[in-house]
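Student: Next up, entry.json (JSON, C-alpha atoms).
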[["chain", "number", "residue", "atom", "x", "y", "z"],
["A", 1, "MET", "CA", 129.44, 122.03, 138.03],
["A", 2, "PRO", "CA", 126.40, 119.98, 137.16],
["A", 3, "PRO", "CA", 126.98, 117.10, 134.72],
["A", 4, "ALA", "CA", 124.29, 118.37, 132.33],
["A", 5, "ASN", "CA", 125.63, 121.27, 130.25],
["A", 6, "SER", "CA", 122.09, 122.59, 129.91],
["A", 7, "ALA", "CA", 122.02, 123.28, 133.67],
["A", 8, "LYS", "CA", 125.29, 125.24, 133.75],
["A", 9, "CYS", "CA", 123.86, 128.77, 133.48],
["A", 10, "THR", "CA", 121.13, 128.12, 136.02],
["A", 11, "TYR", "CA", 123.70, 126.68, 138.44],
["A", 12, "LEU", "CA", 126.00, 129.68, 138.02],
["A", 13, "ALA", "CA", 123.12, 132.13, 138.48],
["A", 14, "ASP", "CA", 122.00, 130.31, 141.63],
["A", 15, "TRP", "CA", 125.57, 130.26, 142.97],
["A", 16, "THR", "CA", 125.94, 133.99, 142.37],
["A", 17, "ALA", "CA", 122.52, 134.77, 143.84],
["A", 18, "THR", "CA", 123.39, 132.84, 147.00],
["A", 19, "LYS", "CA", 126.66, 134.73, 147.38],
["A", 20, "LEU", "CA", 124.87, 138.06, 146.91],
["A", 21, "ARG", "CA", 121.92, 137.17, 149.15],
["A", 22, "TRP", "CA", 124.15, 136.33, 152.09],
["A", 23, "LYS", "CA", 126.72, 139.04, 151.31],
["A", 24, "LEU", "CA", 129.46, 136.45, 150.90],
["A", 25, "SER", "CA", 132.73, 137.54, 149.41],
["A", 26, "ALA", "CA", 134.39, 136.15, 146.31],
["A", 27, "ASP", "CA", 138.11, 136.41, 145.86],
["A", 28, "ASP", "CA", 139.70, 137.32, 142.53],
["A", 29, "LYS", "CA", 140.23, 133.67, 141.60],
["A", 30, "GLU", "CA", 136.57, 132.73, 142.21],
["A", 31, "ARG", "CA", 135.30, 135.84, 140.43],
["A", 32, "ALA", "CA", 137.48, 135.12, 137.38],
["A", 33, "ALA", "CA", 136.30, 131.50, 137.28],
["A", 34, "LEU", "CA", 132.64, 132.52, 137.49],
["A", 35, "GLU", "CA", 133.07, 135.09, 134.73],
["A", 36, "LYS", "CA", 134.83, 132.57, 132.48],
["A", 37, "LEU", "CA", 132.24, 129.85, 133.10],
["A", 38, "ALA", "CA", 129.35, 132.28, 132.55],
["A", 39, "ALA", "CA", 130.71, 133.68, 129.28],
["A", 40, "ASP", "CA", 128.10, 131.68, 127.33],
["A", 41, "CYS", "CA", 125.24, 132.68, 129.64],
["A", 42, "SER", "CA", 124.40, 136.08, 128.19],
["A", 43, "GLY", "CA", 120.86, 137.14, 128.94],
["A", 44, "LYS", "CA", 120.68, 135.13, 132.17],
["A", 45, "VAL", "CA", 119.44, 137.35, 134.99],
["A", 46, "VAL", "CA", 120.56, 136.77, 138.57],
["A", 47, "LYS", "CA", 117.62, 137.36, 140.91],
["A", 48, "TYR", "CA", 118.10, 137.60, 144.66],
["A", 49, "GLU", "CA", 116.97, 139.34, 147.82],
["A", 50, "VAL", "CA", 119.44, 140.32, 150.52],
["A", 51, "ALA", "CA", 118.95, 138.18, 153.61],
["A", 52, "PRO", "CA", 117.70, 140.02, 156.70]]
Would you write out, as structure tokens, the structure that this file holds?
Tutor:
Amino acid sequence: MPPANSAKCTYLADWTATKLRWKLSADDKERAALEKLAADCSGKVVKYEVAP
């Protein structure tokens, strides 16, 4: 996680977008951690395009 709390939601959105773009899996533990960390990020949209 970035040291600046203000960057947390952007970091999490970028992390998620990268996983989705490259069709990378996330196990239950990672998914739960992302959901917990992103609980305060309502309204943040994850934008991505699937890699060719």
Student: Is it possible to get the residues within 12 Å of (118.1, 138.7, 158.4) (coordinates as in the file, counting all atoms listed in the file) written as number ranges by chain?
Tutor: A: 21-23, 49-52
Student: If you measure from CA of Thr16 (chain A) to CA of Leu34 (chain A), what distance in Å do you get, rounded to one decimal?
Tutor: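 It comes out at 8.4 Å.
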Student: Quick check, in Å to one decimal: how far apart do CA of Asp40 (chain A) and CA of Tyr11 (chain A) lie?
Tutor: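 Interatomic distance here is 13.0 Å.
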Student: Can you work out the spacing between CA of Asp14 (chain A) and CA of Tyr48 (chain A) in Å, to one decimal?
Tutor: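 Answer for the CA of Asp14 (chain A) to CA of Tyr48 (chain A) separation: 8.8 Å.
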Student: Hey, what's within 6 Å of Cys41 (chain A) if we count only C-alpha atoms and toss same-chain stuff fewer than 3 positions away? As JSON, numbers by chain, please?
Tutor: {"A": [9, 38, 44]}
